[in-house]
Structure formats: C-alpha cells, structure tokens
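Structure file run-v3.pdb; described as PDB, C-alpha atoms.
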```pdb
ATOM      1  CA  MET U   1       0.000   0.000   0.000
ATOM      2  CA  PRO U   2       1.523   3.396  -0.924
ATOM      3  CA  GLU U   3       2.426   5.679   1.962
ATOM      4  CA  THR U   4       0.101   8.648   1.598
ATOM      5  CA  ASN U   5       0.028  10.755   4.717
ATOM      6  CA  LEU U   6       2.340  11.729   7.550
ATOM      7  CA  ILE U   7       1.189   8.980   9.917
ATOM      8  CA  GLU U   8       1.639   6.262   7.325
ATOM      9  CA  ARG U   9       5.065   7.584   6.363
ATOM     10  CA  TYR U  10       6.039   7.614  10.046
ATOM     11  CA  GLN U  11       4.730   4.049  10.483
ATOM     12  CA  GLY U  12       6.763   3.005   7.454
ATOM     13  CA  PHE U  13       9.856   4.618   8.948
ATOM     14  CA  ARG U  14       9.236   2.902  12.319
ATOM     15  CA  THR U  15       8.778  -0.465  10.637
ATOM     16  CA  ARG U  16      11.974  -0.148   8.586
ATOM     17  CA  ARG U  17      13.944   0.938  11.640
ATOM     18  CA  PHE U  18      12.454  -1.869  13.751
ATOM     19  CA  LEU U  19      13.309  -4.530  11.166
ATOM     20  CA  GLN U  20      16.803  -3.107  10.814
ATOM     21  CA  ASN U  21      17.333  -3.294  14.590
ATOM     22  CA  GLU U  22      15.779  -6.753  14.721
ATOM     23  CA  ARG U  23      18.320  -8.033  12.173
ATOM     24  CA  ARG U  24      21.104  -6.452  14.205
ATOM     25  CA  TYR U  25      20.070  -7.875  17.589
ATOM     26  CA  ARG U  26      18.644 -11.226  16.442
ATOM     27  CA  THR U  27      21.752 -13.160  17.425
ATOM     28  CA  TRP U  28      22.568 -11.294  20.630
ATOM     29  CA  LEU U  29      22.332 -13.061  24.018
ATOM     30  CA  PRO U  30      21.451 -16.499  22.590
ATOM     31  CA  ARG U  31      21.561 -18.214  26.000
ATOM     32  CA  TRP U  32      19.069 -15.749  27.441
ATOM     33  CA  ARG U  33      16.378 -16.489  24.849
ATOM     34  CA  THR U  34      14.983 -19.537  26.642
ATOM     35  CA  ARG U  35      11.785 -19.106  28.619
ATOM     36  CA  SER U  36      13.438 -19.904  31.959
ATOM     37  CA  ARG U  37      16.107 -17.220  31.421
ATOM     38  CA  ARG U  38      13.507 -14.706  30.215
ATOM     39  CA  ARG U  39      11.494 -15.384  33.351
ATOM     40  CA  ILE U  40      14.573 -14.637  35.471
ATOM     41  CA  LEU U  41      14.798 -11.239  33.752
ATOM     42  CA  VAL U  42      11.092 -10.573  34.339
ATOM     43  CA  ILE U  43      11.402 -11.446  38.046
ATOM     44  CA  ALA U  44      14.500  -9.269  38.373
ATOM     45  CA  LEU U  45      12.639  -6.375  36.746
ATOM     46  CA  GLY U  46       9.723  -6.926  39.126
ATOM     47  CA  VAL U  47      12.089  -6.786  42.103
ATOM     48  CA  THR U  48      13.593  -3.576  40.690
ATOM     49  CA  PHE U  49      10.155  -1.996  40.494
ATOM     50  CA  VAL U  50       9.439  -2.971  44.107
ATOM     51  CA  PHE U  51      12.737  -1.345  45.044
ATOM     52  CA  MET U  52      11.797   1.807  43.100
ATOM     53  CA  THR U  53       8.487   1.961  44.936
ATOM     54  CA  ALA U  54      10.325   1.606  48.235
ATOM     55  CA  VAL U  55      12.636   4.467  47.191
ATOM     56  CA  GLY U  56       9.589   6.626  46.520
ATOM     57  CA  ILE U  57       8.272   5.868  50.009
ATOM     58  CA  VAL U  58      11.676   6.558  51.582
ATOM     59  CA  CYS U  59      11.695   9.940  49.819
ATOM     60  CA  HIS U  60       8.552  10.868  51.737
ATOM     61  CA  PHE U  61      10.517  10.645  54.986
ATOM     62  CA  ASP U  62      14.099  11.318  54.001
ATOM     63  CA  MET U  63      15.143  13.575  51.155
ATOM     64  CA  VAL U  64      18.848  12.805  51.634
ATOM     65  CA  VAL U  65      18.973   9.020  51.394
ATOM     66  CA  GLY U  66      15.906   8.576  49.183
ATOM     67  CA  PRO U  67      17.094  10.326  45.998
ATOM     68  CA  LEU U  68      20.482   8.621  46.301
ATOM     69  CA  LEU U  69      18.772   5.218  46.319
ATOM     70  CA  TRP U  70      17.122   6.034  42.976
ATOM     71  CA  LEU U  71      20.519   5.794  41.282
ATOM     72  CA  PRO U  72      21.110   2.063  42.004
ATOM     73  CA  ALA U  73      17.487   1.424  41.017
ATOM     74  CA  CYS U  74      18.183   2.941  37.582
ATOM     75  CA  LEU U  75      21.480   1.046  37.333
ATOM     76  CA  LEU U  76      19.522  -2.164  37.888
ATOM     77  CA  PHE U  77      16.649  -1.238  35.599
ATOM     78  CA  PHE U  78      18.363  -0.235  32.361
ATOM     79  CA  PRO U  79      20.515  -3.360  31.768
ATOM     80  CA  LEU U  80      17.627  -5.672  32.733
ATOM     81  CA  TRP U  81      15.149  -3.845  30.506
ATOM     82  CA  THR U  82      17.555  -3.759  27.569
ATOM     83  CA  MET U  83      18.265  -7.488  27.925
ATOM     84  CA  LEU U  84      14.564  -8.357  28.096
ATOM     85  CA  GLN U  85      13.837  -6.244  25.028
ATOM     86  CA  ILE U  86      16.619  -7.933  23.058
ATOM     87  CA  VAL U  87      15.700 -11.509  23.974
ATOM     88  CA  SER U  88      11.950 -10.981  23.483
ATOM     89  CA  GLY U  89      12.481  -9.353  20.073
ATOM     90  CA  ARG U  90      10.857  -6.091  21.248
ATOM     91  CA  GLN U  91       7.518  -7.578  20.287
ATOM     92  CA  GLY U  92       5.775  -5.563  23.006
ATOM     93  CA  ASP U  93       6.299  -2.251  21.249
ATOM     94  CA  ALA U  94       6.822  -3.399  17.677
ATOM     95  CA  PRO U  95       5.024  -1.547  14.868
ATOM     96  CA  ARG U  96       2.054  -3.375  13.431
ATOM     97  CA  ASP U  97       3.558  -3.945   9.981
ATOM     98  CA  ALA U  98       6.554  -5.755  11.467
ATOM     99  CA  LEU U  99       4.406  -8.481  13.039
ATOM    100  CA  ASP U 100       2.213 -11.261  11.701
ATOM    101  CA  GLU U 101      -1.369 -11.832  12.849
ATOM    102  CA  TRP U 102      -0.476 -14.169  15.750
ATOM    103  CA  GLU U 103       2.160 -11.756  17.044
ATOM    104  CA  ILE U 104      -0.208  -8.784  16.711
ATOM    105  CA  GLN U 105      -2.853 -10.674  18.663
ATOM    106  CA  GLN U 106      -0.422 -11.485  21.465
ATOM    107  CA  ARG U 107       1.003  -7.960  21.506
ATOM    108  CA  ASN U 108      -2.472  -6.415  21.692
ATOM    109  CA  SER U 109      -3.489  -8.667  24.601
ATOM    110  CA  ALA U 110      -0.302  -7.806  26.486
ATOM    111  CA  ARG U 111      -0.712  -4.091  25.752
ATOM    112  CA  SER U 112      -4.295  -4.154  26.961
ATOM    113  CA  ILE U 113      -3.155  -5.562  30.299
ATOM    114  CA  GLY U 114      -0.302  -3.033  30.367
ATOM    115  CA  LEU U 115      -2.745  -0.148  29.918
ATOM    116  CA  THR U 116      -4.931  -1.393  32.769
ATOM    117  CA  VAL U 117      -1.887  -1.801  35.028
ATOM    118  CA  THR U 118      -0.711   1.739  34.171
ATOM    119  CA  GLN U 119      -4.101   3.267  34.943
ATOM    120  CA  LEU U 120      -4.464   1.476  38.264
ATOM    121  CA  LEU U 121      -0.913   2.057  39.490
ATOM    122  CA  THR U 122      -0.854   5.726  38.490
ATOM    123  CA  LEU U 123      -3.975   6.310  40.554
ATOM    124  CA  VAL U 124      -2.077   5.468  43.759
ATOM    125  CA  PRO U 125       0.499   8.317  43.647
ATOM    126  CA  ALA U 126      -2.183  10.660  42.283
ATOM    127  CA  LEU U 127      -4.400   9.992  45.302
ATOM    128  CA  TYR U 128      -1.337  10.216  47.576
ATOM    129  CA  LEU U 129      -0.500  13.620  46.098
ATOM    130  CA  ILE U 130      -4.085  14.853  46.448
ATOM    131  CA  PHE U 131      -4.762  13.690  49.981
ATOM    132  CA  VAL U 132      -1.342  13.875  51.657
ATOM    133  CA  GLY U 133      -0.587  17.134  49.869
ATOM    134  CA  ALA U 134      -3.866  18.636  51.084
ATOM    135  CA  LEU U 135      -3.499  17.387  54.656
ATOM    136  CA  ASP U 136       0.154  18.303  55.046
ATOM    137  CA  GLY U 137       0.699  21.401  52.945
ATOM    138  CA  ASP U 138       4.150  22.165  54.329
ATOM    139  CA  HIS U 139       5.577  18.763  53.547
ATOM    140  CA  GLY U 140       8.069  19.515  50.794
ATOM    141  CA  ASN U 141       8.901  15.855  50.200
ATOM    142  CA  VAL U 142       5.443  14.928  48.986
ATOM    143  CA  PRO U 143       5.706  16.187  45.371
ATOM    144  CA  TYR U 144       9.118  14.568  44.940
ATOM    145  CA  ALA U 145       7.993  11.241  46.382
ATOM    146  CA  ALA U 146       4.788  11.340  44.327
ATOM    147  CA  GLY U 147       6.806  12.148  41.213
ATOM    148  CA  LEU U 148       9.043   9.119  41.753
ATOM    149  CA  LEU U 149       6.012   6.918  42.366
ATOM    150  CA  VAL U 150       4.350   8.191  39.166
ATOM    151  CA  VAL U 151       7.534   7.491  37.196
ATOM    152  CA  THR U 152       7.669   4.000  38.712
ATOM    153  CA  ALA U 153       4.019   3.363  37.895
ATOM    154  CA  LEU U 154       4.535   4.488  34.285
ATOM    155  CA  MET U 155       7.635   2.315  33.994
ATOM    156  CA  VAL U 156       5.801  -0.717  35.351
ATOM    157  CA  GLY U 157       2.912  -0.138  32.931
ATOM    158  CA  GLY U 158       5.238   0.506  30.011
ATOM    159  CA  CYS U 159       7.265  -2.628  30.709
ATOM    160  CA  THR U 160       4.291  -4.884  31.422
ATOM    161  CA  PRO U 161       3.639  -5.935  27.775
ATOM    162  CA  ALA U 162       7.270  -7.016  27.281
ATOM    163  CA  MET U 163       7.261  -8.718  30.693
ATOM    164  CA  ILE U 164       4.080 -10.650  29.855
ATOM    165  CA  LEU U 165       5.402 -11.695  26.445
ATOM    166  CA  GLY U 166       8.809 -12.589  27.880
ATOM    167  CA  TRP U 167       7.124 -14.714  30.533
ATOM    168  CA  THR U 168       4.609 -16.490  28.292
ATOM    169  CA  GLN U 169       6.435 -17.047  25.000
ATOM    170  CA  PRO U 170       7.476 -20.686  24.606
ATOM    171  CA  ASP U 171      11.065 -21.763  24.122
ATOM    172  CA  PRO U 172      12.362 -21.385  20.568
ATOM    173  CA  ASP U 173      11.627 -24.583  18.646
ATOM    174  CA  PRO U 174      14.780 -26.567  17.721
ATOM    175  CA  ASP U 175      13.212 -27.089  14.282
ATOM    176  CA  ASP U 176      13.106 -23.306  13.798
ATOM    177  CA  LEU U 177      16.653 -22.819  15.011
ATOM    178  CA  ALA U 178      18.064 -25.563  12.791
ATOM    179  CA  SER U 179      16.924 -23.951   9.564
TER     180      SER U 179
ATOM    181  CA  MET S 180      -6.699 -18.801  19.745
ATOM    182  CA  SER S 181      -8.435 -16.043  17.881
ATOM    183  CA  PRO S 182     -10.511 -13.569  19.852
ATOM    184  CA  VAL S 183     -14.249 -14.225  19.921
ATOM    185  CA  ARG S 184     -16.522 -11.380  20.922
ATOM    186  CA  ARG S 185     -19.212 -13.567  22.388
ATOM    187  CA  GLY S 186     -20.316 -17.142  22.519
ATOM    188  CA  ASP S 187     -18.307 -20.317  22.786
ATOM    189  CA  ALA S 188     -15.163 -20.621  20.722
ATOM    190  CA  LEU S 189     -15.634 -23.459  18.261
ATOM    191  CA  PRO S 190     -12.574 -25.548  17.528
ATOM    192  CA  ILE S 191     -10.747 -25.435  14.212
ATOM    193  CA  TYR S 192      -8.558 -28.452  13.611
ATOM    194  CA  ASN S 193      -5.854 -28.516  10.978
ATOM    195  CA  ARG S 194      -3.409 -30.940   9.426
ATOM    196  CA  ILE S 195      -0.641 -28.433   8.695
ATOM    197  CA  GLY S 196       1.925 -30.485  10.606
ATOM    198  CA  VAL S 197       1.125 -33.652   8.654
ATOM    199  CA  LEU S 198       1.178 -31.887   5.286
ATOM    200  CA  ARG S 199       4.411 -30.134   6.163
ATOM    201  CA  ALA S 200       6.069 -33.386   7.251
ATOM    202  CA  GLU S 201       4.763 -35.145   4.132
ATOM    203  CA  ARG S 202       6.571 -32.587   1.999
ATOM    204  CA  GLY S 203       9.716 -32.585   4.150
ATOM    205  CA  MET S 204       9.212 -28.917   4.844
ATOM    206  CA  SER S 205      10.548 -27.226   7.985
ATOM    207  CA  ARG S 206       8.488 -24.741   9.964
ATOM    208  CA  ALA S 207      10.819 -21.964   8.890
ATOM    209  CA  GLN S 208      10.371 -22.886   5.226
ATOM    210  CA  LEU S 209       6.595 -22.886   5.493
ATOM    211  CA  ALA S 210       6.741 -19.662   7.493
ATOM    212  CA  GLY S 211       8.784 -18.053   4.730
ATOM    213  CA  LEU S 212       6.281 -19.130   2.083
ATOM    214  CA  ILE S 213       3.283 -17.762   3.956
ATOM    215  CA  ASP S 214       5.162 -14.725   5.310
ATOM    216  CA  VAL S 215       4.826 -15.305   9.051
ATOM    217  CA  ASN S 216       7.176 -16.017  11.946
ATOM    218  CA  PRO S 217       8.123 -19.742  12.382
ATOM    219  CA  GLN S 218       6.670 -19.575  15.900
ATOM    220  CA  THR S 219       3.324 -18.678  14.361
ATOM    221  CA  VAL S 220       3.407 -21.900  12.335
ATOM    222  CA  GLY S 221       4.042 -23.727  15.628
ATOM    223  CA  ALA S 222       1.076 -21.941  17.212
ATOM    224  CA  LEU S 223      -1.119 -22.942  14.251
ATOM    225  CA  GLU S 224      -0.046 -26.580  14.469
ATOM    226  CA  ARG S 225      -0.648 -26.713  18.219
ATOM    227  CA  GLY S 226      -4.084 -25.141  17.750
ATOM    228  CA  ASP S 227      -3.100 -22.104  19.845
ATOM    229  CA  HIS S 228      -4.028 -19.821  16.979
ATOM    230  CA  TYR S 229      -6.824 -19.966  14.441
ATOM    231  CA  PRO S 230      -5.715 -18.352  11.196
ATOM    232  CA  SER S 231      -7.451 -15.508   9.438
ATOM    233  CA  LEU S 232      -9.099 -16.299   6.120
ATOM    234  CA  ASP S 233      -6.189 -14.611   4.353
ATOM    235  CA  LEU S 234      -3.616 -16.807   6.115
ATOM    236  CA  ALA S 235      -5.736 -19.937   5.563
ATOM    237  CA  PHE S 236      -5.801 -19.204   1.827
ATOM    238  CA  ARG S 237      -2.051 -18.642   1.795
ATOM    239  CA  ILE S 238      -1.512 -21.998   3.513
ATOM    240  CA  SER S 239      -3.860 -23.774   1.108
ATOM    241  CA  TRP S 240      -1.992 -22.170  -1.807
ATOM    242  CA  VAL S 241       1.326 -23.573  -0.529
ATOM    243  CA  PHE S 242      -0.055 -27.106  -0.155
ATOM    244  CA  GLU S 243      -2.131 -26.814  -3.351
ATOM    245  CA  LEU S 244      -5.182 -28.090  -1.513
ATOM    246  CA  PRO S 245      -8.611 -26.599  -0.830
ATOM    247  CA  VAL S 246      -8.990 -24.886   2.544
ATOM    248  CA  GLU S 247     -11.410 -27.550   3.790
ATOM    249  CA  ALA S 248      -8.781 -30.238   3.190
ATOM    250  CA  ILE S 249      -6.483 -28.466   5.677
ATOM    251  CA  PHE S 250      -8.920 -26.998   8.220
ATOM    252  CA  SER S 251     -11.994 -28.577   9.731
ATOM    253  CA  ARG S 252     -14.435 -28.183  12.611
ATOM    254  CA  THR S 253     -14.073 -31.886  13.334
ATOM    255  CA  GLU S 254     -10.873 -33.633  14.254
ATOM    256  CA  PHE S 255      -8.923 -35.158  11.404
ATOM    257  CA  GLY S 256      -8.135 -38.846  11.390
ATOM    258  CA  PRO S 257      -4.842 -40.201  10.079
ATOM    259  CA  LEU S 258      -4.412 -39.593   6.358
ATOM    260  CA  SER S 259      -3.538 -43.264   5.805
ATOM    261  CA  THR S 260      -6.832 -44.321   7.385
ATOM    262  CA  GLU S 261      -8.755 -41.989   5.123
ATOM    263  CA  LEU S 262      -6.964 -43.366   2.084
ATOM    264  CA  TYR S 263      -7.187 -47.050   3.038
ATOM    265  CA  ARG S 264     -10.207 -47.070   5.310
ATOM    266  CA  THR S 265     -11.397 -50.419   6.638
ATOM    267  CA  ASP S 266     -15.074 -49.577   7.098
ATOM    268  CA  ARG S 267     -15.864 -50.000   3.413
ATOM    269  CA  PRO S 268     -18.356 -52.679   2.355
ATOM    270  CA  PRO S 269     -16.728 -56.099   2.187
ATOM    271  CA  SER S 270     -15.506 -57.216  -1.187
ATOM    272  CA  THR S 271     -17.797 -59.516  -3.190
ATOM    273  CA  THR S 272     -14.780 -61.479  -4.401
ATOM    274  CA  GLY S 273     -13.930 -62.450  -0.848
ATOM    275  CA  ASN S 274     -10.186 -61.938  -1.354
ATOM    276  CA  GLY S 275     -10.002 -58.837   0.802
ATOM    277  CA  GLU S 276      -9.722 -56.424  -2.123
ATOM    278  CA  SER S 277     -12.243 -53.662  -2.421
ATOM    279  CA  HIS S 278     -13.375 -51.983  -5.578
ATOM    280  CA  ALA S 279     -13.796 -48.233  -5.867
TER     281      ALA S 279
END
```

Take the structure in the file and write it out as structure tokens.
Amino acid sequence: MPETNLIERYQGFRTRRFLQNERRYRTWLPRWRTRSRRRILVIALGVTFVFMTAVGIVCHFDMVVGPLLWLPACLLFFPLWTMLQIVSGRQGDAPRDALDEWEIQQRNSARSIGLTVTQLLTLVPALYLIFVGALDGDHGNVPYAAGLLVVTALMVGGCTPAMILGWTQPDPDPDDLAS
Amino acid sequence: MSPVRRGDALPIYNRIGVLRAERGMSRAQLAGLIDVNPQTVGALERGDHYPSLDLAFRISWVFELPVEAIFSRTEFGPLSTELYRTDRPPSTTGNGESHA
C-alpha cells in the first residue's frame, strides 16, 4: 500500500527501523532467549520496580537518602530492561507492519493488560499527592515522592507488555533454530 | 486462539503439521512461504491460533489443496486411514480387495 500521509510515512519509517534493529540484535544473548532465562529477567525487573516503589516511600521521609537510592534502582533497571527487550524481540512495542497476525494478537493482549496496570498504578500516587498534599501542605517531600512513584508506575505499565510476552512465549523450537 | 466477541469458541482443527512433514518442509520454510514467523506456524499446528481467512488461503496455496482439506471443525483422522479405510463394504470377491 503506498504511503500517503504523515502517519503512514512515520509508520513506514518505524517499521523499517524496527526490522533493521531486529536483524542487528537477532543473534545477541542467545543463551538468554529460553523461557526460563527470560522469566529470570522478568522477576529481576519486578524486584527492581518494588525497590523503586520503596525508594519513593523513603523519599517521603528522608530527602537525603531517598534520591540517592534512585541511582542504584536505575542502574539495575536499564541493563535488565535492555536485555529483556533484546531476547523478546521487542515484540511488546513493535510496529504493526513488522508483526504477523499471531504476534499482533499477542502484543495487543499484552498491551491491553499493560494499559490497565498503568491506569491502576498511576492512581495510587495521584491519590497520595491529592490527599497527603492537602493534609500536610508544608511537607516539601510529597511532590518529589509522588513524582518518583508516578515514574515507577509508568515504567511498570510501560514494561508490562514485554514482561508478559517474555514470561509467556514458549522456548524457541529446535526445528526453527536448525533452519 | 483467535478472539471471539461472544459465545463459545468453536474448535478449528488442521493438518498443517502432517502436510508439512509429508513434503519434508521445515516450519521456517513454510513460514517463509506464507510470510509469518516460524513460531506462528508452531502456534497454528498446536491449535493455539486460528488463522485468518487470508492466512488460511495462503496456507492452502502452498499445499495446493482446498482450505477444507487443511482446516476442519471436526478432528482429522490419520491420512492413511482416510486413504485405506477399513469400514468400506466387504468385497464380493472375498479376497479382501475392495473396488472403488
């Protein structure tokens, strides 16, 4: 189908770039592509998010230690997230034209859950900001802590599709690998 | 399995695996011919995914068979049984041979 408008041209660009990156990273981390290894990455990411949430709570009480703890959380998050994206083929955020119908169906299911998770988790810091901010107007830590919790909630929601796909995808079939 | 808005999901059986093996074709080869990921062929063979009409036609084109020879609402029996079935009327010659 010819690319006619800006959105379609952008989708075409995204698809070409995605396929280019997929060819580049297809052979990276071969030992981490099994389901058991992918599940280890998903669990490690989950633990990182729990740690990030704890950092947000610490920030409510202590603005010296709390922000410093965010640094190791990020140092844990970025390598784990990058590894999971590579071994799961970035299917969670792949453009539609780069996937076949089975992959689109799985991606859409995972994204639907991710959206629900984002909405629910983002409500928590929003309510915290509304109620704690209103009750304790002089508490300068509240916006910072709420900000960290919102960022964590958005990260959890954004990573959920890849985490679901990384957890549920079966092991690569030896028949597929042989050819 | 394909999404169903309402009602019970009816099964769709297929004999893709048998036809592929019969032709000595790997999953990756079939996937290349029908332009999908090899894992999608695996999902089709396991019955985890019901194909769209477009994909079903592409598969039938590869095997040069009508769609209903590859997909069915009822479970397929072994191909050999369908070819040499034993429930035919007994032969009048009594030598075990049956006439078409």

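Distance-wise, CA of Thr160 (chain U) and CA of Ser36 (chain U) end up 17.6 Å apart.
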
Once the PyMOL selection byres ((chain S and resi 255-262) around 9) is applied to the coordinates I shared, what remains selected? I want it as a ChimeraX atom specification. /S:192-194,197,250-254,263-265

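Near chain U, counting all atoms listed in the file at 10 Å, the chain S residues are Met180, Ser181, Pro182, Ser205, Arg206, Ala207, Gln208, Ala210, Asp214, Val215, Asn216, Pro217, Gln218, Thr219, Val220, Gly221, Ala222, Leu223, Asp227, His228, Tyr229, Pro230, Ser231 and Leu234 of chain S.
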
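Take CA of Pro125 (chain U) and CA of Leu41 (chain U): the distance between them is 26.2 Å.
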
Spell out the residues picked by the PyMOL selection byres ((chain U and resi 113) around 12) here, as an MDAnalysis selection string. chainID U and resid 92 106:112 114:120 156:165

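We find CA of Phe236 (chain S) and CA of Glu8 (chain U) to be spaced 27.1 Å apart.
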
Please write region 224-253 of chain S of the preceding block to a file containing C-alpha atoms, as a compact mmCIF listing (two decimals), in the first residue's frame?
```txt
# COMPACT_ATOMS: atom_id res chain seq x y z
CA GLU S 224 -0.05 -26.58 14.47
CA ARG S 225 -0.65 -26.71 18.22
CA GLY S 226 -4.08 -25.14 17.75
CA ASP S 227 -3.10 -22.10 19.84
CA HIS S 228 -4.03 -19.82 16.98
CA TYR S 229 -6.82 -19.97 14.44
CA PRO S 230 -5.71 -18.35 11.20
CA SER S 231 -7.45 -15.51 9.44
CA LEU S 232 -9.10 -16.30 6.12
CA ASP S 233 -6.19 -14.61 4.35
CA LEU S 234 -3.62 -16.81 6.11
CA ALA S 235 -5.74 -19.94 5.56
CA PHE S 236 -5.80 -19.20 1.83
CA ARG S 237 -2.05 -18.64 1.80
CA ILE S 238 -1.51 -22.00 3.51
CA SER S 239 -3.86 -23.77 1.11
CA TRP S 240 -1.99 -22.17 -1.81
CA VAL S 241 1.33 -23.57 -0.53
CA PHE S 242 -0.06 -27.11 -0.15
CA GLU S 243 -2.13 -26.81 -3.35
CA LEU S 244 -5.18 -28.09 -1.51
CA PRO S 245 -8.61 -26.60 -0.83
CA VAL S 246 -8.99 -24.89 2.54
CA GLU S 247 -11.41 -27.55 3.79
CA ALA S 248 -8.78 -30.24 3.19
CA ILE S 249 -6.48 -28.47 5.68
CA PHE S 250 -8.92 -27.00 8.22
CA SER S 251 -11.99 -28.58 9.73
CA ARG S 252 -14.43 -28.18 12.61
CA THR S 253 -14.07 -31.89 13.33
```
